[in-house]
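Read through the structure below, which is laid out as structure tokens, and then see the notes.
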Amino acid sequence: MSILDSDSIPLSYVLRRARYYISLLKAGEILRRYFIMNMFDGLLTSVGVVIGARISGALNPKVIVSTVLGASLAMGISGFAGAFMTERAERIREVKELERSLFTNLDNSVISEASRYVAFLAAIIDSLSPLLGSLIPSLPFFLSLMGLIGVPLAFLASLIIAGCLLLGLGFYLGKVCGESKLKYGAYMFLSGLAVAILVTLIGGAIKWGG
Amino acid sequence: MGRLRGEVAITKMIIDALKPRELSIIELSKTLCSGRGVQSVEITVVEVDAKTETIKVTLRGNSIDYSEVAEIMSRNGAVIRSIDEVTVSRKGGEVLKVEE
């Protein structure tokens, strides 16, 4: 029996359990880090693909959608597998160290349960955040593929969505560290801009070189 | 000496235990207090180490179920090192106190 076992409402039970396990292992920080880093990866990948396609003259919704889908699925799966194995190994090591300090076996304790849960949660976050980060900015191209909007509008909308999400991530980081949200938003936005400029320059150089 | 009638119940226990530092004494005390026959729980941190804390758990109630207390402690990753004090009473009878 633990503090959580007495709850009878399933949803509140799941949420309470998640919150309790995260607070027990102080895992909030690492989960937040996984979310921001991987969402950022996904967003910049999407910006790179869209601008690269524009520069190479292959701004075809079908190409963009399949490229972004492929990239995001690969990032999602690699994120899940990588984070799950890494986190699981780290958590097992911590539990073993704790077992040595307590002179006991913690296999059936909430500590072991929380370790397994947090490793799984980290893997889910690590897989979903780049997936969403790259899929959301490419939504206009899905609309374009369905014939609802034109390709130039989809291109513009995609970059605007990516820019807004980067700003949002920056604001969130600013909120986390208690510093200027605008400053962090600007940092994130400028990194997106840097990717756009680099891809444009490299793409342009390849185009003119060829 | 005649036979004693009535149920003999544990009404107070003082337990010396070791717990992981991550485990909050607030959560642990609430969980222990939800156990059968427990009416109040006091936890005092006696010693702090790098990964563990030694705690003194005082349980009071009308009929404390020690096996449940031990199970709650173990489930939460705490290890009972010793029972330092126990008070038992017989319903309607005299109180017997044992100290280590």
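By convention in this document, the chains of the structure tokens carry letters A, B, ... by their order, each chain's residues are numbered from 1, and ligands are numbered from 1 in the order they are shown.
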**Prompt:** Given a cut-off of 8 Å, which residues of chain A touch chain B, counting only C-alpha atoms, written out as a ChimeraX atom specification?
**Reply:** /A:1-3,24-26,98,101-102,104,106,108-111
Atoms to include: C-alpha atoms. Write the selected residues as a compact mmCIF listing (two decimals), in the first residue's frame.
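File produced: out.txt:
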# COMPACT_ATOMS: atom_id res chain seq x y z
CA MET A 1 0.00 0.00 0.00
CA SER A 2 1.25 3.46 -0.81
CA ILE A 3 -0.33 6.91 -0.52
CA LEU A 24 9.60 11.25 -5.88
CA LEU A 25 12.47 10.97 -8.35
CA LYS A 26 12.68 14.74 -8.94
CA LEU A 98 20.02 3.21 -3.07
CA SER A 101 22.71 2.36 1.08
CA LEU A 102 19.50 0.92 2.55
CA THR A 104 17.51 -3.89 1.20
CA LEU A 106 13.64 -2.28 -3.55
CA ASN A 108 8.56 -4.15 -5.06
CA SER A 109 8.80 -0.60 -3.77
CA VAL A 110 7.36 2.60 -5.21
CA ILE A 111 10.93 3.71 -5.94
**Request:** Run DSSP on the backbone and give me the residues of stretch 1-96 of chain B it puts in helix (DSSP H, G or I), as a VMD selection string.
**Result:** chain B and resid 25 to 33 66 to 75
Contacts of stretch 28-42 of chain A at 10 Å (only C-alpha atoms; same-chain gap of 3+ positions) as a compact mmCIF listing (two decimals) with C-alpha atoms, in the first residue's frame:
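So the final result, stored in part_39.txt, reads:
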# COMPACT_ATOMS: atom_id res chain seq x y z
CA ARG A 19 2.86 13.60 -10.31
CA TYR A 21 6.44 9.46 -9.25
CA ILE A 22 7.91 12.55 -10.92
CA SER A 23 8.22 14.37 -7.60
CA LEU A 24 9.60 11.25 -5.88
CA LEU A 25 12.47 10.97 -8.35
CA THR A 45 14.23 20.05 -38.89
CA SER A 46 10.91 21.14 -40.29
CA VAL A 47 12.23 24.65 -41.05
CA GLY A 48 15.28 23.10 -42.75
CA VAL A 68 8.68 15.67 -42.86
CA ALA A 71 11.97 12.59 -40.62
CA SER A 72 9.53 13.00 -37.72
CA MET A 75 13.08 11.16 -34.79
CA GLY A 76 10.10 9.84 -32.82
CA GLY A 79 13.82 9.36 -29.46
CA ALA A 83 15.52 7.83 -24.17
CA GLU A 87 16.78 6.58 -18.76
CA VAL A 118 9.73 7.85 -15.38
CA ALA A 119 11.89 5.99 -17.95
CA LEU A 121 7.45 8.81 -19.62
CA ALA A 122 10.82 10.24 -20.71
CA ALA A 123 10.73 7.97 -23.77
CA ILE A 124 7.19 9.10 -24.65
CA ILE A 125 8.17 12.78 -24.29
CA ASP A 126 11.38 12.24 -26.21
CA SER A 127 9.47 10.66 -29.07
CA LEU A 128 6.38 12.86 -29.16
CA SER A 129 8.05 16.25 -28.84
CA PRO A 130 10.18 16.08 -32.03
CA LEU A 131 7.26 14.41 -33.80
CA LEU A 132 4.94 17.30 -32.92
CA GLY A 133 7.70 19.86 -33.42
CA SER A 134 8.14 18.83 -37.03
CA LEU A 135 4.54 17.85 -37.86
CA ILE A 136 2.76 20.99 -36.61
CA PRO A 137 4.69 23.44 -38.85
CA ALA A 162 7.47 27.34 -36.75
CA LEU A 165 6.34 27.74 -31.75
CA LEU A 166 10.00 28.72 -31.36
CA LEU A 169 9.33 27.53 -26.45
CA GLY A 170 11.57 30.50 -25.64
CA TYR A 172 8.39 28.81 -21.67
CA LEU A 173 12.15 28.60 -21.03
CA VAL A 176 11.14 28.23 -16.17
CA MET A 188 14.91 30.55 -30.01
CA SER A 191 18.21 30.02 -34.00
CA GLY A 192 15.34 29.25 -36.37
Among chain B, which residues carry a DSSP assignment of strand (DSSP E), reported as a CSV table (one decimal) with N, CA and C atoms, in the first residue's frame?
chain,number,residue,atom,x,y,z
B,8,VAL,N,-6.0,-8.1,22.8
B,8,VAL,CA,-4.8,-7.3,23.2
B,8,VAL,C,-4.4,-6.5,21.9
B,9,ALA,N,-4.4,-5.2,22.0
B,9,ALA,CA,-4.1,-4.4,20.8
B,9,ALA,C,-2.9,-3.5,21.0
B,10,ILE,N,-2.2,-3.2,19.9
B,10,ILE,CA,-1.1,-2.3,20.0
B,10,ILE,C,-1.7,-0.9,19.9
B,11,THR,N,-1.3,0.0,20.9
B,11,THR,CA,-1.9,1.3,20.8
B,11,THR,C,-0.8,2.4,20.5
B,12,LYS,N,0.4,2.0,20.7
B,12,LYS,CA,1.5,2.9,20.4
B,12,LYS,C,2.8,2.1,20.0
B,13,MET,N,3.5,2.7,19.0
B,13,MET,CA,4.7,2.0,18.6
B,13,MET,C,5.7,3.1,18.2
B,14,ILE,N,7.0,2.9,18.6
B,14,ILE,CA,8.0,3.8,18.1
B,14,ILE,C,9.0,2.9,17.3
B,15,ILE,N,9.1,3.3,16.0
B,15,ILE,CA,9.9,2.5,15.1
B,15,ILE,C,11.1,3.3,14.7
B,16,ASP,N,12.3,2.6,14.6
B,16,ASP,CA,13.5,3.3,14.1
B,16,ASP,C,13.7,2.7,12.7
B,17,ALA,N,13.7,3.6,11.7
B,17,ALA,CA,13.8,3.2,10.3
B,17,ALA,C,14.7,4.0,9.4
B,18,LEU,N,15.1,3.4,8.3
B,18,LEU,CA,15.9,4.1,7.3
B,18,LEU,C,15.1,4.2,6.1
B,19,LYS,N,15.2,5.4,5.5
B,19,LYS,CA,14.4,5.6,4.3
B,19,LYS,C,15.2,6.4,3.2
B,20,PRO,N,14.9,6.2,1.9
B,20,PRO,CA,15.6,7.0,0.9
B,20,PRO,C,15.3,8.5,1.1
B,38,VAL,N,-4.7,2.9,12.9
B,38,VAL,CA,-3.7,4.0,13.2
B,38,VAL,C,-4.5,5.3,13.3
B,39,GLN,N,-4.3,6.0,14.3
B,39,GLN,CA,-5.0,7.3,14.5
B,39,GLN,C,-4.1,8.5,14.3
B,40,SER,N,-2.8,8.4,14.7
B,40,SER,CA,-1.9,9.5,14.5
B,40,SER,C,-0.5,9.0,14.2
B,41,VAL,N,0.3,9.7,13.4
B,41,VAL,CA,1.6,9.3,13.1
B,41,VAL,C,2.5,10.5,13.2
B,42,GLU,N,3.7,10.3,13.9
B,42,GLU,CA,4.7,11.4,14.0
B,42,GLU,C,5.9,10.8,13.4
B,43,ILE,N,6.6,11.6,12.5
B,43,ILE,CA,7.9,11.2,12.0
B,43,ILE,C,8.9,12.2,12.3
B,44,THR,N,10.0,11.8,12.9
B,44,THR,CA,11.1,12.8,13.2
B,44,THR,C,12.4,12.3,12.4
B,45,VAL,N,13.0,13.2,11.7
B,45,VAL,CA,14.3,12.8,11.0
B,45,VAL,C,15.4,12.9,12.1
B,46,VAL,N,16.0,11.8,12.3
B,46,VAL,CA,17.1,11.8,13.3
B,46,VAL,C,18.5,12.0,12.8
B,47,GLU,N,18.7,11.5,11.6
B,47,GLU,CA,20.0,11.6,11.0
B,47,GLU,C,19.9,11.7,9.4
B,48,VAL,N,20.7,12.5,8.8
B,48,VAL,CA,20.7,12.7,7.4
B,48,VAL,C,22.0,12.2,6.8
B,52,THR,N,20.3,8.5,2.3
B,52,THR,CA,19.3,8.0,3.2
B,52,THR,C,19.0,8.9,4.4
B,53,GLU,N,17.9,8.7,5.1
B,53,GLU,CA,17.6,9.4,6.4
B,53,GLU,C,17.2,8.4,7.4
B,54,THR,N,17.6,8.6,8.6
B,54,THR,CA,17.2,7.7,9.7
B,54,THR,C,16.0,8.5,10.3
B,55,ILE,N,14.9,7.7,10.5
B,55,ILE,CA,13.7,8.4,11.0
B,55,ILE,C,13.1,7.7,12.2
B,56,LYS,N,12.5,8.4,13.1
B,56,LYS,CA,11.8,7.8,14.2
B,56,LYS,C,10.3,8.0,14.0
B,57,VAL,N,9.6,6.9,13.9
B,57,VAL,CA,8.2,6.9,13.5
B,57,VAL,C,7.4,6.5,14.8
B,58,THR,N,6.5,7.5,15.2
B,58,THR,CA,5.7,7.2,16.4
B,58,THR,C,4.2,7.0,15.9
B,59,LEU,N,3.7,5.8,16.1
B,59,LEU,CA,2.3,5.5,15.6
B,59,LEU,C,1.4,5.4,16.9
B,60,ARG,N,0.3,6.0,16.8
B,60,ARG,CA,-0.7,5.8,17.9
B,60,ARG,C,-2.0,5.4,17.3
B,61,GLY,N,-2.7,4.6,18.0
B,61,GLY,CA,-4.0,4.2,17.5
B,61,GLY,C,-4.7,3.2,18.4
B,79,VAL,N,13.2,1.0,5.5
B,79,VAL,CA,13.6,-0.3,6.1
B,79,VAL,C,13.4,-0.1,7.6
B,80,ILE,N,12.7,-1.0,8.3
B,80,ILE,CA,12.5,-1.0,9.7
B,80,ILE,C,13.8,-1.6,10.3
B,81,ARG,N,14.5,-0.8,11.2
B,81,ARG,CA,15.7,-1.3,11.8
B,81,ARG,C,15.4,-1.9,13.2
B,82,SER,N,14.5,-1.2,13.9
B,82,SER,CA,14.1,-1.8,15.2
B,82,SER,C,12.8,-1.2,15.7
B,83,ILE,N,12.2,-1.9,16.6
B,83,ILE,CA,11.0,-1.3,17.3
B,83,ILE,C,11.5,-0.9,18.6
B,84,ASP,N,11.5,0.4,18.9
B,84,ASP,CA,12.1,0.9,20.1
B,84,ASP,C,11.2,0.9,21.3
B,85,GLU,N,9.9,1.0,21.0
B,85,GLU,CA,8.9,1.1,22.1
B,85,GLU,C,7.6,0.6,21.6
B,86,VAL,N,6.9,-0.1,22.4
B,86,VAL,CA,5.6,-0.6,22.0
B,86,VAL,C,4.6,-0.5,23.3
B,87,THR,N,3.4,-0.1,23.0
B,87,THR,CA,2.4,0.0,24.1
B,87,THR,C,1.2,-0.9,23.6
B,88,VAL,N,0.9,-1.8,24.5
B,88,VAL,CA,-0.3,-2.6,24.1
B,88,VAL,C,-1.4,-2.5,25.2
B,89,SER,N,-2.6,-2.7,24.8
B,89,SER,CA,-3.6,-2.6,25.9
B,89,SER,C,-4.7,-3.7,25.6
B,90,ARG,N,-5.3,-4.1,26.6
B,90,ARG,CA,-6.4,-5.1,26.5
B,90,ARG,C,-7.7,-4.3,26.7
B,95,VAL,N,-3.1,-1.7,31.1
B,95,VAL,CA,-2.2,-1.3,30.0
B,95,VAL,C,-0.8,-1.9,30.3
B,96,LEU,N,-0.2,-2.6,29.3
B,96,LEU,CA,1.1,-3.2,29.5
B,96,LEU,C,2.1,-2.5,28.6
B,97,LYS,N,3.1,-1.9,29.2
B,97,LYS,CA,4.1,-1.1,28.4
B,97,LYS,C,5.5,-1.8,28.4
B,98,VAL,N,6.0,-2.0,27.2
B,98,VAL,CA,7.3,-2.6,27.1
B,98,VAL,C,8.3,-1.6,26.4
B,99,GLU,N,9.5,-1.5,27.0
B,99,GLU,CA,10.5,-0.6,26.4
B,99,GLU,C,11.8,-1.3,26.2
**Request:** Find the residues around stretch 143-152 of chain A up to 12 Å (only C-alpha atoms counted), leave out those fewer than 2 positions away in its own chain, and share them as a list of chain:residue names.
**Result:**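 Those residues are A:Val50, A:Ile51, A:Ala53, A:Arg54, A:Ala58, A:Leu59, A:Asn60, A:Pro61, A:Lys62, A:Val63, A:Ile64, A:Val65, A:Ser66, A:Ile136, A:Pro137, A:Ser138, A:Leu139, A:Pro140, A:Phe141, A:Ala154, A:Phe155, A:Leu156, A:Ala157, A:Ser158, A:Leu159.
Between atom CA of A:Phe120 and atom CA of A:Leu43 the separation is 23.2 Å.
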**Message:** Would you compute the distance between atom CA of B:Lys91 and atom CA of B:Asp65? Give it in Å to one decimal.
**Reply:**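 For atom CA of B:Lys91 relative to atom CA of B:Asp65, the distance reads 15.6 Å.
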**Request:** To one decimal in Å, tell me the separation between atom CA of A:Ile160 and atom CA of A:Leu198.
**Result:**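 Taking atom CA of A:Ile160 and atom CA of A:Leu198, their separation equals 17.9 Å.
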